[in-house]
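Colleague: Have a peek at work_7.cif (mmCIF, C-alpha atoms).
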data_structure
#
loop_
_atom_site.label_atom_id
_atom_site.label_comp_id
_atom_site.auth_asym_id
_atom_site.auth_seq_id
_atom_site.Cartn_x
_atom_site.Cartn_y
_atom_site.Cartn_z
CA MET A 1 85.60 64.70 54.01
CA ASN A 2 84.19 62.74 51.10
CA ARG A 3 80.57 62.07 52.10
CA TYR A 4 79.67 59.84 49.15
CA VAL A 5 81.85 56.90 48.07
CA ASN A 6 81.11 54.46 45.26
CA CYS A 7 81.97 51.06 46.76
CA ILE A 8 80.67 48.92 43.90
CA ALA A 9 83.22 46.12 43.60
CA GLN A 10 81.95 44.61 40.33
CA ASN A 11 79.85 46.21 37.61
CA SER A 12 76.86 43.91 38.18
CA SER A 13 76.79 44.56 41.93
CA GLU A 14 75.89 47.48 44.18
CA GLY A 15 77.14 49.57 47.11
CA ASN A 16 76.90 53.36 47.55
CA LEU A 17 78.28 54.66 50.84
CA LEU A 18 77.08 57.80 52.62
CA ILE A 19 79.29 59.08 55.43
CA GLY A 20 77.62 61.38 57.94
CA ASP A 21 79.12 63.10 60.97
CA THR A 22 77.34 60.68 63.30
CA PHE A 23 76.28 57.64 61.27
CA THR A 24 77.20 55.86 58.06
CA ALA A 25 74.90 54.12 55.59
CA LEU A 26 75.37 51.88 52.58
CA ILE A 27 72.65 51.94 49.91
CA ASP A 28 72.51 48.22 49.02
CA CYS A 29 75.37 45.80 49.68
CA GLY A 30 75.48 43.92 46.39
CA MET A 31 76.07 40.32 45.44
CA VAL A 32 77.66 37.47 47.33
CA PHE A 33 80.42 36.65 44.88
CA CYS A 34 82.03 40.10 45.29
CA ALA A 35 81.07 40.68 48.93
CA GLN A 36 84.63 40.79 50.21
CA GLY A 37 85.64 43.32 47.58
CA THR A 38 82.72 45.56 48.52
CA ILE A 39 83.47 45.19 52.23
CA GLN A 40 87.10 46.14 51.63
CA LYS A 41 86.09 49.29 49.77
CA VAL A 42 83.69 50.24 52.56
CA LYS A 43 86.34 49.67 55.25
CA GLU A 44 88.87 51.80 53.37
CA ALA A 45 86.35 54.64 53.05
CA LEU A 46 85.24 54.45 56.70
CA LYS A 47 88.81 54.52 58.07
CA GLY A 48 87.95 52.58 61.21
CA ARG A 49 84.41 53.86 61.70
CA PRO A 50 81.59 51.29 61.83
CA LEU A 51 78.97 50.78 59.16
CA ASP A 52 75.72 51.68 60.90
CA TYR A 53 73.04 51.05 58.28
CA ILE A 54 72.41 49.17 55.08
CA ILE A 55 69.43 50.75 53.36
CA PHE A 56 67.79 48.50 50.77
CA SER A 57 66.53 49.99 47.52
CA HIS A 58 64.70 46.67 47.12
CA THR A 59 65.13 43.04 48.12
CA HIS A 60 66.68 41.39 45.05
CA TYR A 61 69.75 39.15 45.28
CA ASP A 62 72.06 41.51 43.36
CA HIS A 63 71.32 44.28 45.84
CA ILE A 64 71.18 42.50 49.20
CA GLY A 65 72.69 39.02 48.69
CA ALA A 66 75.94 39.97 50.45
CA LEU A 67 74.14 40.95 53.68
CA PRO A 68 75.32 37.89 55.69
CA PHE A 69 78.95 38.83 55.07
CA PHE A 70 78.37 42.45 56.05
CA LYS A 71 76.66 41.31 59.25
CA ASN A 72 79.71 39.16 60.02
CA GLU A 73 81.93 42.22 59.63
CA TRP A 74 79.65 44.70 61.43
CA PRO A 75 77.26 42.69 63.68
CA ALA A 76 75.60 45.85 65.05
CA LEU A 77 74.62 47.32 61.69
CA ARG A 78 70.89 47.83 61.11
CA THR A 79 68.97 47.08 57.94
CA VAL A 80 66.40 49.53 56.57
CA THR A 81 63.63 48.80 54.07
CA SER A 82 59.94 49.39 53.40
CA ALA A 83 57.12 47.47 55.07
CA VAL A 84 56.65 45.49 51.85
CA GLY A 85 60.36 44.70 51.73
CA ALA A 86 60.37 43.62 55.36
CA ALA A 87 57.55 41.16 54.64
CA VAL A 88 59.40 39.78 51.60
CA LEU A 89 62.61 39.18 53.55
CA VAL A 90 61.09 36.68 55.97
CA LYS A 91 59.49 34.48 53.29
CA ASP A 92 61.05 31.18 52.29
CA THR A 93 60.71 31.61 48.52
CA PRO A 94 62.57 34.95 48.24
CA ARG A 95 65.32 33.60 50.48
CA ARG A 96 65.62 30.52 48.29
CA VAL A 97 65.75 32.66 45.13
CA ILE A 98 68.49 34.82 46.63
CA ARG A 99 70.61 31.69 47.09
CA GLN A 100 69.73 30.28 43.67
CA LEU A 101 70.52 33.45 41.72
CA SER A 102 73.59 34.23 43.84
CA LEU A 103 74.98 30.85 42.85
CA ALA A 104 74.13 31.45 39.19
CA ALA A 105 75.81 34.86 39.20
CA ALA A 106 78.93 33.46 40.86
CA ALA A 107 79.08 30.56 38.39
CA SER A 108 78.86 32.99 35.47
CA HIS A 109 82.08 34.56 36.78
CA GLY A 110 83.75 31.22 37.55
CA ILE A 111 83.54 31.77 41.31
CA VAL A 112 82.48 29.34 44.05
CA ILE A 113 80.68 31.06 46.92
CA ASP A 114 79.87 30.15 50.52
CA THR A 115 76.12 29.89 51.10
CA SER A 116 76.33 28.25 54.54
CA TYR A 117 74.91 31.36 56.21
CA SER A 118 71.58 31.33 58.07
CA ASP A 119 68.64 32.81 56.17
CA ASP A 120 67.53 34.46 59.41
CA VAL A 121 70.02 37.25 58.69
CA PHE A 122 67.59 38.52 56.05
CA GLN A 123 65.29 40.71 58.09
CA ALA A 124 64.50 44.40 58.53
CA ASP A 125 65.52 46.31 61.64
CA ASN A 126 63.97 49.62 60.60
CA ILE A 127 60.95 50.17 58.35
CA VAL A 128 60.57 53.41 56.37
CA LYS A 129 57.97 54.94 54.07
CA GLU A 130 57.54 57.85 51.67
CA GLY A 131 58.77 61.11 53.21
CA ASP A 132 60.70 59.54 56.08
CA ARG A 133 64.15 60.95 56.79
CA ILE A 134 67.20 59.14 58.10
CA SER A 135 69.63 61.56 59.75
CA LEU A 136 73.30 60.61 59.48
CA GLY A 137 74.57 63.87 60.94
CA GLY A 138 75.24 66.51 58.29
CA LEU A 139 73.56 64.26 55.73
CA THR A 140 69.90 63.33 55.42
CA VAL A 141 68.51 60.40 53.45
CA GLU A 142 64.98 61.22 52.32
CA VAL A 143 62.88 58.19 51.34
CA LEU A 144 60.98 58.08 48.04
CA GLU A 145 58.63 55.21 47.25
CA THR A 146 59.17 54.35 43.57
CA PRO A 147 57.40 51.05 42.85
CA GLY A 148 57.42 49.45 39.43
CA HIS A 149 60.53 47.29 39.38
CA THR A 150 59.32 45.71 42.61
CA ARG A 151 56.55 46.69 44.99
CA ASP A 152 59.13 47.52 47.67
CA SER A 153 61.36 49.71 45.48
CA LEU A 154 62.75 52.83 47.17
CA SER A 155 64.79 55.73 45.84
CA PHE A 156 66.52 58.36 47.95
CA MET A 157 67.29 62.06 47.97
CA VAL A 158 70.27 63.48 49.89
CA PRO A 159 69.51 67.22 49.92
CA GLU A 160 72.86 68.31 51.36
CA LEU A 161 74.56 66.84 48.27
CA GLN A 162 71.66 67.51 45.89
CA LEU A 163 72.04 63.80 45.13
CA LEU A 164 69.17 61.68 43.80
CA ILE A 165 69.80 57.93 44.19
CA LEU A 166 67.56 55.79 41.96
CA ASN A 167 66.71 52.11 42.05
CA GLU A 168 66.00 49.98 38.99
CA THR A 169 62.36 51.04 38.53
CA ILE A 170 63.11 53.77 36.00
CA GLY A 171 65.53 51.54 34.04
CA VAL A 172 69.15 50.39 34.15
CA MET A 173 71.61 52.30 32.00
CA LEU A 174 74.31 49.95 30.76
CA PRO A 175 77.88 51.10 30.01
CA ASP A 176 76.98 51.30 26.31
CA GLY A 177 74.38 53.96 27.16
CA ILE A 178 71.35 51.75 26.48
CA VAL A 179 68.60 51.94 29.11
CA THR A 180 67.06 48.55 29.87
CA PRO A 181 63.45 48.58 31.19
CA CYS A 182 62.83 46.73 34.47
CA PHE A 183 59.10 46.98 35.23
CA LEU A 184 58.64 43.59 36.91
CA THR A 185 55.52 44.44 38.91
CA SER A 186 53.93 47.52 37.32
CA TYR A 187 54.45 49.40 34.06
CA ALA A 188 52.00 52.09 35.17
CA GLY A 189 53.84 52.42 38.47
CA THR A 190 57.13 52.69 36.62
CA ILE A 191 55.94 55.57 34.46
CA GLU A 192 54.50 57.33 37.52
CA SER A 193 57.77 56.84 39.43
CA LEU A 194 59.76 58.09 36.43
CA HIS A 195 57.84 61.37 36.27
CA LYS A 196 58.02 61.74 40.05
CA CYS A 197 61.81 61.39 40.12
CA ARG A 198 62.40 63.54 37.04
CA ASP A 199 60.53 66.40 38.74
CA ILE A 200 62.73 66.32 41.86
CA PRO A 201 65.39 69.07 41.68
CA HIS A 202 68.85 67.53 41.87
CA THR A 203 72.41 68.21 40.76
CA LEU A 204 73.87 64.71 41.00
CA LEU A 205 72.24 61.48 39.84
CA SER A 206 73.20 58.01 41.05
CA LEU A 207 71.99 55.16 38.86
CA PRO A 208 71.66 51.48 39.79
CA HIS A 209 74.86 49.46 39.23
CA ARG A 210 76.65 52.66 38.19
CA GLY A 211 76.82 55.17 41.00
CA ILE A 212 76.99 58.88 40.16
CA VAL A 213 76.97 59.39 36.39
CA SER A 214 78.25 62.25 34.27
CA SER A 215 76.14 65.36 33.79
CA GLN A 216 75.55 64.42 30.14
CA GLU A 217 74.30 60.94 31.06
CA ALA A 218 72.14 62.39 33.82
CA GLU A 219 70.63 65.00 31.50
CA ASN A 220 69.46 62.43 28.97
CA TYR A 221 68.65 59.56 31.31
CA PHE A 222 64.96 60.19 32.04
CA ASP A 223 64.07 60.83 28.40
CA LYS A 224 65.93 57.70 27.28
CA ALA A 225 64.29 55.68 30.04
CA LEU A 226 60.79 56.87 29.11
CA THR A 227 61.36 56.02 25.45
CA ALA A 228 62.78 52.59 26.35
CA ASN A 229 59.89 51.71 28.66
CA ILE A 230 57.24 52.72 26.12
CA ALA A 231 59.02 50.78 23.36
CA CYS A 232 59.27 47.67 25.54
CA ARG A 233 55.56 47.79 26.36
CA ASN A 234 54.71 48.15 22.68
CA PHE A 235 57.02 45.26 21.77
CA ILE A 236 55.31 42.95 24.24
CA LEU A 237 51.85 43.93 23.04
CA SER A 238 52.93 43.39 19.43
CA MET A 239 54.08 39.86 20.27
CA LYS A 240 50.71 39.15 21.85
CA ALA A 241 48.91 40.55 18.79
CA LYS A 242 50.90 38.13 16.60
CA GLY A 243 49.56 35.23 18.65
CA LEU A 244 52.90 34.13 20.13
CA ASP A 245 52.63 31.73 23.05
CA GLU A 246 54.49 32.25 26.33
CA ALA A 247 57.65 30.37 25.32
CA ALA A 248 57.88 32.14 21.97
CA MET A 249 57.40 35.52 23.63
CA GLU A 250 60.19 34.83 26.11
CA ASP A 251 62.49 33.74 23.29
CA ALA A 252 61.70 36.83 21.21
CA PHE A 253 62.17 39.08 24.25
CA PHE A 254 65.58 37.53 24.92
CA ARG A 255 66.68 38.10 21.33
CA GLN A 256 65.41 41.68 21.40
CA TYR A 257 66.80 42.82 24.73
CA SER A 258 69.76 40.64 25.70
CA SER A 259 73.28 41.54 24.63
CA PRO A 260 76.83 40.61 25.66
CA VAL A 261 76.91 43.79 27.76
CA GLN A 262 73.56 42.98 29.38
CA LEU A 263 74.60 39.43 30.22
CA GLN A 264 77.76 40.72 31.93
CA PHE A 265 75.42 42.28 34.47
CA GLN A 266 72.87 39.53 34.72
CA PRO A 267 73.09 35.75 34.22
CA LYS A 268 70.68 34.38 31.62
CA GLU A 269 68.63 32.64 34.33
CA ALA A 270 67.87 35.95 36.03
CA PHE A 271 67.23 37.66 32.68
CA ILE A 272 64.58 35.08 31.75
CA ILE A 273 62.89 35.37 35.16
CA ASN A 274 62.69 39.14 34.68
CA ALA A 275 61.49 38.83 31.09
CA ARG A 276 58.69 36.49 32.15
CA ALA A 277 57.60 38.96 34.85
CA MET A 278 57.67 41.95 32.47
CA ILE A 279 55.61 40.18 29.82
CA ALA A 280 53.06 39.12 32.42
CA CYS A 281 52.98 42.65 33.84
CA ILE A 282 52.15 44.28 30.49
CA LEU A 283 49.51 41.70 29.55
CA ARG A 284 47.88 41.98 32.98
CA GLU A 285 47.71 45.76 32.88
CA ALA A 286 46.41 45.64 29.30
CA GLY A 287 43.69 43.20 30.38
CA GLN A 288 44.99 40.41 28.17
#
Mind turning this structure into structure tokens?

Modeller:
Amino acid sequence: MNRYVNCIAQNSSEGNLLIGDTFTALIDCGMVFCAQGTIQKVKEALKGRPLDYIIFSHTHYDHIGALPFFKNEWPALRTVTSAVGAAVLVKDTPRRVIRQLSLAAAASHGIVIDTSYSDDVFQADNIVKEGDRISLGGLTVEVLETPGHTRDSLSFMVPELQLLILNETIGVMLPDGIVTPCFLTSYAGTIESLHKCRDIPHTLLSLPHRGIVSSQEAENYFDKALTANIACRNFILSMKAKGLDEAAMEDAFFRQYSSPVQLQFQPKEAFIINARAMIACILREAGQ
């Protein structure tokens, strides 16, 4: 039996399925505009079994936006996140942003989506923390707190598969091999999380928006990510040293880090929101 199935329906979305003897779990359910494609892949892999859990790596729209459609398909499924993530899910602003950016992502692909769902679907059924284990029967999902991208960011180790599943904290590796930094809430936390994950023995590595990558990509990933994060921090500090104002810094950041490949994954609106957060993060931690 294949215990891990990549169910990502579109390269900017998410969905990694773990199939245990007793329970099944999806790590993130992806974006609204490709929800049905992800659901179809999950159904094909489960062969009539239910989806029991969706475990959130964090609570951003491109990772959990499709939740209402999964709940329609499997009403009994339970959501799993951290205490911080659970608190985020019930707030009006994050729910509004999920809708806003889901619409922007769909529009960038020429798709009209249904957002008539109730926001009350966004809530946590189970709360986990560092060191907790979720038993699926023959598979165990070990929880790793890896803040930096967001405060609620979680990564996971599946020891039976020697599989390390990362969230976006360490950095997103695009198809062209470039690692894009994503430290929205803490650069220091990102570097700490990077070293923590690199030191965990593993054979297989699953990266955000990619799934399991080749051994060559996995071997070089942490070094490339560390270099990219340091370079991004230095770039932001250099802009500040030149006296650029906020708007000029955002414009320079966009020119430095956006690309046609990048914008296939992320609409410009979301890119700018992230850029603004990363600039603020570095200046705050640098005391500027």

Colleague: Write out as a PyMOL selection string each polymer residue whose atoms come within 8 Å of Thr22 of chain A, counting all atoms listed in the file; drop sequence neighbours fewer than 3 positions from it.

Modeller: chain A and resi 136-138

Colleague: If you apply the PyMOL selection byres ((chain A and resi 102-117) around 10) to this file, what residues do you get, as a PDB file with C-alpha atoms, in the frame of the given file?

Modeller:
ATOM      1  CA  SER A  12      76.860  43.910  38.180  1.00  0.00           C
ATOM      2  CA  MET A  31      76.070  40.320  45.440  1.00  0.00           C
ATOM      3  CA  VAL A  32      77.660  37.470  47.330  1.00  0.00           C
ATOM      4  CA  PHE A  33      80.420  36.650  44.880  1.00  0.00           C
ATOM      5  CA  CYS A  34      82.030  40.100  45.290  1.00  0.00           C
ATOM      6  CA  ALA A  35      81.070  40.680  48.930  1.00  0.00           C
ATOM      7  CA  TYR A  61      69.750  39.150  45.280  1.00  0.00           C
ATOM      8  CA  ASP A  62      72.060  41.510  43.360  1.00  0.00           C
ATOM      9  CA  GLY A  65      72.690  39.020  48.690  1.00  0.00           C
ATOM     10  CA  ALA A  66      75.940  39.970  50.450  1.00  0.00           C
ATOM     11  CA  LEU A  67      74.140  40.950  53.680  1.00  0.00           C
ATOM     12  CA  PRO A  68      75.320  37.890  55.690  1.00  0.00           C
ATOM     13  CA  PHE A  69      78.950  38.830  55.070  1.00  0.00           C
ATOM     14  CA  ASN A  72      79.710  39.160  60.020  1.00  0.00           C
ATOM     15  CA  ARG A  96      65.620  30.520  48.290  1.00  0.00           C
ATOM     16  CA  VAL A  97      65.750  32.660  45.130  1.00  0.00           C
ATOM     17  CA  ILE A  98      68.490  34.820  46.630  1.00  0.00           C
ATOM     18  CA  ARG A  99      70.610  31.690  47.090  1.00  0.00           C
ATOM     19  CA  GLN A 100      69.730  30.280  43.670  1.00  0.00           C
ATOM     20  CA  LEU A 101      70.520  33.450  41.720  1.00  0.00           C
ATOM     21  CA  SER A 118      71.580  31.330  58.070  1.00  0.00           C
ATOM     22  CA  ASP A 119      68.640  32.810  56.170  1.00  0.00           C
ATOM     23  CA  ASP A 120      67.530  34.460  59.410  1.00  0.00           C
ATOM     24  CA  VAL A 121      70.020  37.250  58.690  1.00  0.00           C
ATOM     25  CA  LEU A 263      74.600  39.430  30.220  1.00  0.00           C
ATOM     26  CA  GLN A 264      77.760  40.720  31.930  1.00  0.00           C
ATOM     27  CA  PHE A 265      75.420  42.280  34.470  1.00  0.00           C
ATOM     28  CA  GLN A 266      72.870  39.530  34.720  1.00  0.00           C
ATOM     29  CA  PRO A 267      73.090  35.750  34.220  1.00  0.00           C
ATOM     30  CA  LYS A 268      70.680  34.380  31.620  1.00  0.00           C
ATOM     31  CA  GLU A 269      68.630  32.640  34.330  1.00  0.00           C
ATOM     32  CA  ALA A 270      67.870  35.950  36.030  1.00  0.00           C
TER      33      ALA A 270
END

Colleague: Taking into account only C-alpha atoms, which residue in the set A:Glu192, A:Asp223, A:Glu285, A:Asp176 is nearest to Ser259 of chain A?

Modeller: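 Of A:Glu192, A:Asp223, A:Glu285, A:Asp176, the one nearest Ser259 of chain A is A:Asp176, counting only C-alpha atoms.
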
Colleague: Point out the residue among A:Gly131, A:Pro175, A:Pro181, A:Gly211 with the least atom-to-atom distance to Leu163 of chain A, counting only C-alpha atoms.

Modeller: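 Using only C-alpha atoms, the shortest distance to Leu163 of chain A belongs to A:Gly211.
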
Colleague: Here is a test: counting all atoms listed in the file, which residue of A:Arg49, A:Arg151, A:Arg233, A:Lys224 is nearest to Asp21 of chain A?

Modeller: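 Nearest to Asp21 of chain A: A:Arg49.
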
Colleague: List the residues matched by the PyMOL selection byres ((chain A and resi 277-279) around 9) in the displayed structure as a short mmCIF file (atom, residue, chain, number, x, y, z; two decimals) with C-alpha atoms, in the coordinates of the input, ordered by chain and then by residue number.

Modeller:
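Writing done, so here's selection00.cif:
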data_model
loop_
_atom_site.label_atom_id
_atom_site.label_comp_id
_atom_site.auth_asym_id
_atom_site.auth_seq_id
_atom_site.Cartn_x
_atom_site.Cartn_y
_atom_site.Cartn_z
CA PRO A 181 63.45 48.58 31.19
CA CYS A 182 62.83 46.73 34.47
CA PHE A 183 59.10 46.98 35.23
CA LEU A 184 58.64 43.59 36.91
CA THR A 185 55.52 44.44 38.91
CA SER A 186 53.93 47.52 37.32
CA TYR A 187 54.45 49.40 34.06
CA ARG A 233 55.56 47.79 26.36
CA ILE A 236 55.31 42.95 24.24
CA LEU A 237 51.85 43.93 23.04
CA GLU A 246 54.49 32.25 26.33
CA MET A 249 57.40 35.52 23.63
CA GLU A 250 60.19 34.83 26.11
CA PHE A 253 62.17 39.08 24.25
CA ILE A 272 64.58 35.08 31.75
CA ILE A 273 62.89 35.37 35.16
CA ASN A 274 62.69 39.14 34.68
CA ALA A 275 61.49 38.83 31.09
CA ARG A 276 58.69 36.49 32.15
CA ALA A 280 53.06 39.12 32.42
CA CYS A 281 52.98 42.65 33.84
CA ILE A 282 52.15 44.28 30.49
CA LEU A 283 49.51 41.70 29.55
CA ARG A 284 47.88 41.98 32.98
#

Colleague: Which one of A:Glu73, A:Asp245, A:Asp28, A:Asp251 sits closest to Ser153 of chain A if you count all atoms listed in the file?

Modeller: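 Smallest distance to Ser153 of chain A is found for A:Asp28.
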
Colleague: Run the PyMOL selection byres ((chain A and resi 45) around 10) on the file and write out the hits as a list of chain:residue names.

Modeller: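 Selection result, ordered by chain and number: A:Asn2, A:Arg3, A:Tyr4, A:Val5, A:Asn6, A:Cys7, A:Leu17, A:Leu18, A:Ile19, A:Ile39, A:Gln40, A:Lys41, A:Val42, A:Lys43, A:Glu44, A:Leu46, A:Lys47, A:Gly48, A:Arg49.
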
Colleague: I want to know what sits within 10 Å of Asp132 of chain A, based on all atoms listed in the file, with residues of the same chain fewer than 3 positions away left out; could you give that as JSON, numbers by chain?

Modeller: {"A": [127, 128, 129, 135, 140, 141, 142, 143, 144]}

Colleague: Please, what distance in Å, to one decimal, runs between atom CA of Pro147 of chain A and atom CA of Lys71 of chain A?

Modeller: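 Distance reported for this atom pair: 27.1 Å.
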
Colleague: Atom CA of Gly20 of chain A to atom CA of Thr203 of chain A: how many Å, to one decimal?

Modeller: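 Spanning atom CA of Gly20 of chain A to atom CA of Thr203 of chain A is a straight-line distance of 19.2 Å.
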
Colleague: Using atom CA of Gln123 of chain A and atom CA of Val172 of chain A as the two end points, give the distance in Å to one decimal.

Modeller: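 Pair atom CA of Gln123 of chain A / atom CA of Val172 of chain A returns 26.1 Å.
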
Colleague: Restricting the calculation to only C-alpha atoms, which member of A:His58, A:Lys240, A:Leu77, A:Met173 is positioned closest to Asn11 of chain A?

Modeller: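 Checking each candidate against Asn11 of chain A, we get A:Met173 as the closest.
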
Colleague: Go through A:Ile230, A:Val261, A:Leu164, A:Ile212 one by one, measure the shortest atom-to-atom distance of each to Gly177 of chain A using all atoms listed in the file, and give the residue with the smallest value.

Modeller: A:Val261

Colleague: Quick one: everything within 7 Å of Thr79 of chain A, counting only C-alpha atoms, minus sequence neighbours fewer than 5 positions away in the same chain. Send it as an MDAnalysis selection string.

Modeller: chainID A and resid 53:55 124:126

Colleague: Write out as a list of chain:residue names each polymer residue whose atoms come within 12 Å of Ile200 of chain A, counting all atoms listed in the file; drop sequence neighbours fewer than 3 positions from it.

Modeller: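 Within the cut-off, the hits are A:Glu142, A:Leu144, A:Ser155, A:Phe156, A:Met157, A:Val158, A:Pro159, A:Gln162, A:Leu163, A:Leu164, A:Ile165, A:Leu166, A:Ser193, A:Leu194, A:His195, A:Lys196, A:Cys197, A:Thr203, A:Leu204, A:Leu205, A:Phe222.
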
Colleague: Quick one: segment 169-208 of chain A from the block, C-alpha atoms, as a CSV table (one decimal), in the first residue's frame.

Modeller:
chain,number,residue,atom,x,y,z
A,169,THR,CA,9.3,28.8,7.2
A,170,ILE,CA,12.6,27.5,5.8
A,171,GLY,CA,11.9,28.8,2.3
A,172,VAL,CA,10.0,27.8,-0.8
A,173,MET,CA,12.0,26.0,-3.6
A,174,LEU,CA,10.5,27.0,-7.0
A,175,PRO,CA,10.7,24.6,-10.0
A,176,ASP,CA,13.7,26.6,-11.2
A,177,GLY,CA,15.6,25.6,-8.1
A,178,ILE,CA,15.6,29.0,-6.5
A,179,VAL,CA,14.7,29.1,-2.8
A,180,THR,CA,12.5,32.1,-1.9
A,181,PRO,CA,12.6,33.3,1.7
A,182,CYS,CA,9.3,33.5,3.6
A,183,PHE,CA,10.1,34.9,7.1
A,184,LEU,CA,6.9,36.9,7.6
A,185,THR,CA,7.0,36.9,11.4
A,186,SER,CA,10.5,36.2,12.5
A,187,TYR,CA,13.9,36.0,10.7
A,188,ALA,CA,15.6,34.7,13.9
A,189,GLY,CA,12.9,32.1,14.3
A,190,THR,CA,13.3,31.1,10.7
A,191,ILE,CA,17.1,30.5,11.1
A,192,GLU,CA,16.5,28.6,14.4
A,193,SER,CA,13.8,26.4,12.7
A,194,LEU,CA,16.1,25.8,9.7
A,195,HIS,CA,18.9,24.4,11.9
A,196,LYS,CA,16.4,22.4,13.9
A,197,CYS,CA,15.0,20.7,10.8
A,198,ARG,CA,18.4,20.2,9.1
A,199,ASP,CA,19.5,18.3,12.2
A,200,ILE,CA,16.6,15.8,12.1
A,201,PRO,CA,17.7,12.5,10.5
A,202,HIS,CA,15.5,11.8,7.5
A,203,THR,CA,15.6,10.0,4.1
A,204,LEU,CA,12.8,11.7,2.3
A,205,LEU,CA,12.1,15.5,2.3
A,206,SER,CA,8.7,17.0,1.4
A,207,LEU,CA,8.8,20.7,0.5
A,208,PRO,CA,5.9,23.2,0.5
